$ cat target-v3.txt   # compact mmCIF, C-alpha atoms and all ligand atoms
# COMPACT_ATOMS: atom_id res chain seq x y z
CA MET A 937 17.08 -29.10 23.05
CA ASN A 938 20.86 -29.45 23.16
CA ASP A 939 21.51 -26.07 24.65
CA LYS A 940 21.75 -26.68 28.37
CA LYS A 941 20.66 -23.11 29.15
CA GLU A 942 17.20 -24.02 27.95
CA CYS A 943 16.96 -27.05 30.21
CA PRO A 944 15.63 -26.48 33.75
CA PHE A 945 17.24 -29.70 35.03
CA CYS A 946 20.71 -28.80 33.72
CA GLU A 947 20.52 -25.18 34.75
CA ARG A 948 18.84 -25.69 38.11
CA ASN A 949 17.50 -22.48 39.58
CA GLU A 950 17.42 -21.60 43.26
CA LEU A 951 13.85 -22.76 43.67
CA LEU A 952 14.56 -26.19 42.24
CA ASN A 953 17.71 -26.55 44.36
CA SER A 954 15.70 -25.78 47.49
CA LEU A 955 13.36 -28.69 46.72
CA ILE A 956 16.05 -31.36 46.33
CA PHE A 957 16.03 -34.02 49.04
CA TYR A 958 18.24 -36.71 47.55
CA GLU A 959 21.40 -36.89 45.47
CA SER A 960 23.20 -40.11 44.68
CA LYS A 961 26.93 -40.63 44.28
CA TYR A 962 28.28 -41.02 40.77
CA LYS A 963 27.98 -44.39 39.11
CA SER A 964 30.01 -44.26 35.87
CA ASN A 965 29.10 -40.84 34.53
CA ASN A 966 25.70 -40.66 36.15
CA ARG A 967 24.26 -39.38 39.33
CA TRP A 968 20.61 -38.86 40.24
CA PHE A 969 18.82 -36.13 42.13
CA ALA A 970 15.26 -36.07 43.45
CA PHE A 971 13.10 -33.07 44.27
CA LEU A 972 9.50 -32.39 45.18
CA ASP A 973 7.37 -30.98 42.39
CA SER A 974 6.08 -27.61 43.61
CA LEU A 975 2.85 -28.12 41.62
CA PRO A 976 2.20 -31.76 42.52
CA LEU A 977 -0.39 -34.17 41.18
CA THR A 978 -0.52 -35.86 44.60
CA GLU A 979 1.16 -35.11 47.89
CA GLY A 980 4.82 -36.10 47.62
CA HIS A 981 4.97 -35.97 43.81
CA THR A 982 8.68 -36.24 43.11
CA ILE A 983 10.91 -35.85 40.08
CA LEU A 984 13.97 -38.06 39.85
CA ALA A 985 16.37 -36.68 37.25
CA LEU A 986 19.69 -37.73 35.85
CA LYS A 987 22.82 -35.64 35.97
CA LYS A 988 25.80 -36.44 33.77
CA ARG A 989 29.33 -35.88 34.98
CA ARG A 990 29.98 -33.65 32.00
CA ASN A 991 27.47 -30.91 31.37
CA LYS A 992 25.67 -32.55 28.53
CA CYS A 993 21.91 -32.72 28.74
CA PRO A 994 20.89 -36.41 28.84
CA ASN A 995 17.95 -36.04 26.49
CA LYS A 996 18.24 -39.28 24.51
CA LEU A 997 16.97 -42.68 25.58
CA THR A 998 20.29 -44.56 25.39
CA PRO A 999 21.33 -47.60 27.51
CA GLU A 1000 23.69 -45.35 29.51
CA VAL A 1001 20.87 -43.28 31.02
CA PHE A 1002 19.91 -46.19 33.28
CA GLU A 1003 23.25 -46.37 35.12
CA GLY A 1004 22.72 -45.92 38.83
CA LEU A 1005 18.96 -45.72 38.49
CA GLU A 1006 18.18 -48.84 40.50
CA ASN A 1007 19.86 -47.56 43.60
CA ALA A 1008 18.38 -44.09 43.28
CA LEU A 1009 14.88 -45.52 42.86
CA LYS A 1010 15.31 -47.73 45.91
CA ASN A 1011 16.41 -44.85 48.09
CA VAL A 1012 13.85 -42.34 46.90
CA THR A 1013 10.86 -44.72 47.07
CA ARG A 1014 11.91 -45.76 50.58
CA LYS A 1015 11.96 -42.12 51.68
CA LEU A 1016 8.61 -41.34 50.06
CA LYS A 1017 6.91 -44.38 51.56
CA LYS A 1018 8.18 -43.49 55.00
CA VAL A 1019 7.37 -39.77 54.98
CA TYR A 1020 4.05 -39.97 53.11
CA LYS A 1021 2.98 -43.27 54.69
CA THR A 1022 1.94 -44.76 51.41
CA GLU A 1023 2.34 -48.30 50.17
CA ASP A 1024 2.28 -47.57 46.48
CA ILE A 1025 3.94 -45.15 44.09
CA LEU A 1026 3.17 -44.66 40.41
CA PHE A 1027 6.06 -44.16 37.99
CA ALA A 1028 5.98 -42.23 34.75
CA SER A 1029 8.56 -41.03 32.29
CA LEU A 1030 6.82 -38.88 29.71
CA ARG A 1031 9.39 -36.17 29.00
CA GLY A 1032 7.02 -33.97 27.07
CA LYS A 1033 8.15 -30.41 27.76
CA THR A 1034 11.50 -31.36 29.29
CA PRO A 1035 13.34 -34.04 27.30
CA HIS A 1036 16.08 -34.31 29.97
CA PHE A 1037 15.80 -37.91 31.23
CA HIS A 1038 13.67 -37.98 34.38
CA PHE A 1039 10.92 -39.89 36.14
CA HIS A 1040 7.82 -38.81 37.98
CA LEU A 1041 7.24 -40.71 41.22
CA ILE A 1042 3.66 -40.13 42.26
CA PRO A 1043 2.59 -41.50 45.65
CA LEU A 1044 -0.78 -43.17 45.42
CA HIS A 1045 -2.89 -42.07 48.37
CA LYS A 1046 -5.89 -44.20 49.21
CA LYS A 1047 -8.17 -41.21 49.79
CA ASP A 1048 -7.45 -39.65 46.35
CA GLU A 1049 -7.91 -42.99 44.63
CA LYS A 1050 -11.14 -43.74 46.47
CA LYS A 1051 -12.65 -40.37 45.57
CA TRP A 1052 -11.84 -40.94 41.91
CA ARG A 1053 -13.16 -44.52 41.90
CA GLU A 1054 -16.45 -43.32 43.37
CA LYS A 1055 -16.78 -40.87 40.48
CA THR A 1056 -15.74 -43.21 37.69
CA LEU A 1057 -17.16 -46.46 39.11
CA TYR A 1058 -13.91 -48.23 38.19
CA GLU A 1059 -13.40 -50.79 40.93
CA GLU A 1060 -9.79 -51.42 39.98
CA GLY A 1061 -7.09 -50.65 37.41
CA HIS A 1062 -7.27 -47.71 34.96
CA LEU A 1063 -4.42 -45.93 36.69
CA PHE A 1064 -3.22 -44.23 33.50
CA GLU A 1065 -6.61 -42.63 33.41
CA PHE A 1066 -6.25 -41.70 37.07
CA LEU A 1067 -3.06 -39.78 36.26
CA GLY A 1068 -4.86 -38.02 33.40
CA TYR A 1069 -7.66 -37.10 35.80
CA LEU A 1070 -5.18 -35.71 38.34
CA GLU A 1071 -3.44 -33.71 35.64
CA CYS A 1072 -6.73 -32.21 34.56
CA GLU A 1073 -7.92 -31.48 38.12
CA LYS A 1074 -4.63 -29.95 39.24
CA LYS A 1075 -2.80 -28.52 36.21
CA VAL A 1076 -5.81 -27.51 34.14
CA LYS A 1077 -8.20 -26.40 36.90
CA GLU A 1078 -6.93 -25.91 40.46
CA TYR A 1079 -3.50 -24.33 39.85
CA PRO A 1080 -4.52 -21.89 37.08
CA ARG A 1081 -7.59 -20.86 39.12
CA GLN A 1082 -5.38 -20.08 42.09
CA ARG A 1083 -2.97 -18.06 39.91
CA ILE A 1084 -5.83 -16.00 38.54
CA SER A 1085 -7.44 -15.39 41.94
CA LYS A 1086 -4.14 -14.35 43.57
CA ASN A 1087 -2.82 -12.57 40.51
CA TRP A 1088 0.30 -14.76 40.56
CA SER A 1089 2.62 -15.85 37.79
CA GLU A 1090 3.46 -19.56 37.73
CA ASP A 1091 6.81 -18.66 39.23
CA ASP A 1092 5.14 -16.78 42.13
CA GLN A 1093 2.91 -19.77 42.71
CA ARG A 1094 5.78 -22.26 42.68
CA LYS A 1095 7.73 -20.13 45.18
CA ASN A 1096 4.72 -19.89 47.47
CA LYS A 1097 4.06 -23.62 47.37
CA ALA A 1098 7.75 -24.45 47.80
CA LYS A 1099 7.78 -22.60 51.15
CA LYS A 1100 5.10 -24.94 52.44
CA LEU A 1101 7.18 -27.95 51.44
CA ARG A 1102 10.21 -27.03 53.56
CA THR A 1103 9.39 -29.24 56.52
CA LYS A 1104 8.75 -32.18 54.20
CA ILE A 1105 12.13 -31.65 52.52
CA VAL A 1106 13.79 -31.86 55.94
CA GLU A 1107 11.88 -35.05 56.77
CA LEU A 1108 12.70 -36.60 53.40
CA LYS A 1109 16.40 -35.81 53.75
CA LYS A 1110 16.48 -37.51 57.15
CA ALA A 1111 14.33 -40.53 56.21
ZN ZN B 1 19.08 -31.09 30.68
$ encode --input "target-v3.txt" --output "structure tokens"
Amino acid sequence: MNDKKECPFCERNELLNSLIFYESKYKSNNRWFAFLDSLPLTEGHTILALKKRRNKCPNKLTPEVFEGLENALKNVTRKLKKVYKTEDILFASLRGKTPHFHFHLIPLHKKDEKKWREKTLYEEGHLFEFLGYLECEKKVKEYPRQRISKNWSEDDQRKNKAKKLRTKIVELKKA
């Protein structure tokens, strides 16, 4: 996917721009931006993505992609912990559909974890499985069901959910 027009993180649409709450300064050729996922796995699910100074999609895992990441991670996790009052955040970089280098920051909320542990009887660990469970519950069941019942496209749904995130975006920017 070298054509930047195909990449949602290079060609950011209005909806994505409205969800951004953090942008770093450039370090070498990199800067980082963070936005709330409009179809989150948990409350506060954030995507931290790289932006290159020149418009080239950073879709390869090279040493250069990590420039500036430490600082961006520090700032974004601090904001998430403060606004969502959580102690822990899960990190994932899977880049399945979107190869543009990015991370998922998924706040771990005690109530979600507890509910899942009661079902699975796992007393600890297994957090990869927890993410898989959340993906199934949210992306395979809850969100498609809502789209069908409201007769929404995914885009309609994202716009609707983004509206409800506005106050959080303000809080996250300030935090
Ligand atoms: Zn890209």
$ residues_around --input "target-v3.txt" --residues "His1036 in chain A" --least-positions-apart "2" --cutoff "9 Å" --atoms "only C-alpha atoms" --output "compact mmCIF listing (two decimals) with C-alpha atoms, keeping the file's coordinate frame"
# COMPACT_ATOMS: atom_id res chain seq x y z
CA MET A 937 17.08 -29.10 23.05
CA CYS A 943 16.96 -27.05 30.21
CA PRO A 944 15.63 -26.48 33.75
CA PHE A 945 17.24 -29.70 35.03
CA CYS A 946 20.71 -28.80 33.72
CA ALA A 985 16.37 -36.68 37.25
CA LEU A 986 19.69 -37.73 35.85
CA CYS A 993 21.91 -32.72 28.74
CA PRO A 994 20.89 -36.41 28.84
CA ASN A 995 17.95 -36.04 26.49
CA LYS A 996 18.24 -39.28 24.51
CA ARG A 1031 9.39 -36.17 29.00
CA THR A 1034 11.50 -31.36 29.29
CA HIS A 1038 13.67 -37.98 34.38
$ atom_distance --input "target-v3.txt" --atom1 "CA of Thr978 in chain A" --atom2 "CA of Arg1014 in chain A"
17.0 Å
$ atom_distance --input "target-v3.txt" --atom1 "CA of Ser954 in chain A" --atom2 "CA of Ala1098 in chain A"
8.1 Å
$ atom_distance --input "target-v3.txt" --atom1 "CA of Glu942 in chain A" --atom2 "CA of Pro1080 in chain A"
23.7 Å
$ closest_residue --input "target-v3.txt" --among "A:Asn965, A:Lys1110, A:Ala1028, A:Glu1060" --to "Lys992 in chain A" --atoms "all atoms listed in the file"
A:Asn965
$ closest_residue --input "target-v3.txt" --among "A:Phe1039, A:Glu1000, A:Leu1070, A:Leu1063" --to "Phe971 in chain A" --atoms "only C-alpha atoms"
A:Phe1039
$ residues_around --input "target-v3.txt" --residues "Ile1105 in chain A" --least-positions-apart "6" --cutoff "12 Å" --atoms "all atoms listed in the file" --output "PyMOL selection string"
chain A and resi 952-958+970-974+980+982+1015-1016+1019-1020+1098-1099+1111
$ closest_residue --input "target-v3.txt" --among "A:Tyr1069, A:Phe969, A:Phe1027, A:Phe1002" --to "Asp1048 in chain A" --atoms "all atoms listed in the file"
A:Tyr1069
$ closest_residue --input "target-v3.txt" --among "A:Lys961, A:Lys1075, A:Lys1010, A:Lys987" --to "ligand ZN 1 (chain B)" --atoms "all atoms listed in the file"
A:Lys987
$ closest_residue --input "target-v3.txt" --among "A:Trp1052, A:Phe1066, A:Phe1037, A:Tyr1058" --to "ligand ZN 1 (chain B)" --atoms "all atoms listed in the file"
A:Phe1037
$ residues_around --input "target-v3.txt" --residues "Asp1091 in chain A" --least-positions-apart "3" --cutoff "12 Å" --atoms "all atoms listed in the file" --output "number ranges by chain"
A: 949-952, 974-975, 1079-1080, 1083, 1087-1088, 1094-1098
$ closest_residue --input "target-v3.txt" --among "A:Ala1008, A:Pro1035, A:His1040, A:Lys1017" --to "ligand ZN 1 (chain B)" --atoms "only C-alpha atoms and all ligand atoms"
A:Pro1035
$ axis_aligned_box --input "target-v3.txt" --around "range 955-973 of chain A" --padding-each-side "5 Å" --output "AutoDock Vina command-line options"
--center_x 18.7 --center_y -36.5 --center_z 41.8 --size_x 32.6 --size_y 25.7 --size_z 24.5
$ residues_near_point --input "target-v3.txt" --point "(23.5, -46.3, 37.8)" --cutoff "9 Å" --atoms "only C-alpha atoms" --output "list of chain:residue names"
A:Tyr962, A:Lys963, A:Ser964, A:Asn965, A:Asn966, A:Arg967, A:Trp968, A:Glu1000, A:Val1001, A:Phe1002, A:Glu1003, A:Gly1004, A:Leu1005, A:Glu1006, A:Asn1007, A:Ala1008
$ build_atoms --input "target-v3.txt" --residues "range 1045-1056 of chain A" --atoms "N, CA and C atoms" --output "PDB file, in the frame of the given file"
ATOM      1  N   HIS A1045      -2.254 -42.171  47.051  1.00  0.00           N
ATOM      2  CA  HIS A1045      -2.890 -42.070  48.370  1.00  0.00           C
ATOM      3  C   HIS A1045      -4.296 -42.651  48.271  1.00  0.00           C
ATOM      4  N   LYS A1046      -4.603 -43.496  49.225  1.00  0.00           N
ATOM      5  CA  LYS A1046      -5.890 -44.200  49.210  1.00  0.00           C
ATOM      6  C   LYS A1046      -7.086 -43.255  49.085  1.00  0.00           C
ATOM      7  N   LYS A1047      -7.012 -42.114  49.793  1.00  0.00           N
ATOM      8  CA  LYS A1047      -8.170 -41.210  49.790  1.00  0.00           C
ATOM      9  C   LYS A1047      -8.405 -40.591  48.404  1.00  0.00           C
ATOM     10  N   ASP A1048      -7.312 -40.221  47.708  1.00  0.00           N
ATOM     11  CA  ASP A1048      -7.450 -39.650  46.350  1.00  0.00           C
ATOM     12  C   ASP A1048      -8.015 -40.703  45.399  1.00  0.00           C
ATOM     13  N   GLU A1049      -7.485 -41.916  45.530  1.00  0.00           N
ATOM     14  CA  GLU A1049      -7.910 -42.990  44.630  1.00  0.00           C
ATOM     15  C   GLU A1049      -9.383 -43.322  44.854  1.00  0.00           C
ATOM     16  N   LYS A1050      -9.769 -43.370  46.129  1.00  0.00           N
ATOM     17  CA  LYS A1050     -11.140 -43.740  46.470  1.00  0.00           C
ATOM     18  C   LYS A1050     -12.135 -42.717  45.894  1.00  0.00           C
ATOM     19  N   LYS A1051     -11.795 -41.445  46.072  1.00  0.00           N
ATOM     20  CA  LYS A1051     -12.650 -40.370  45.570  1.00  0.00           C
ATOM     21  C   LYS A1051     -12.862 -40.515  44.062  1.00  0.00           C
ATOM     22  N   TRP A1052     -11.776 -40.801  43.368  1.00  0.00           N
ATOM     23  CA  TRP A1052     -11.840 -40.940  41.910  1.00  0.00           C
ATOM     24  C   TRP A1052     -12.628 -42.189  41.508  1.00  0.00           C
ATOM     25  N   ARG A1053     -12.439 -43.280  42.236  1.00  0.00           N
ATOM     26  CA  ARG A1053     -13.160 -44.520  41.900  1.00  0.00           C
ATOM     27  C   ARG A1053     -14.677 -44.357  42.133  1.00  0.00           C
ATOM     28  N   GLU A1054     -15.026 -43.565  43.128  1.00  0.00           N
ATOM     29  CA  GLU A1054     -16.450 -43.320  43.370  1.00  0.00           C
ATOM     30  C   GLU A1054     -17.076 -42.555  42.196  1.00  0.00           C
ATOM     31  N   LYS A1055     -16.297 -41.654  41.621  1.00  0.00           N
ATOM     32  CA  LYS A1055     -16.780 -40.870  40.480  1.00  0.00           C
ATOM     33  C   LYS A1055     -16.874 -41.712  39.224  1.00  0.00           C
ATOM     34  N   THR A1056     -15.821 -42.502  38.970  1.00  0.00           N
ATOM     35  CA  THR A1056     -15.740 -43.210  37.690  1.00  0.00           C
ATOM     36  C   THR A1056     -16.419 -44.570  37.711  1.00  0.00           C
TER      37      THR A1056
END
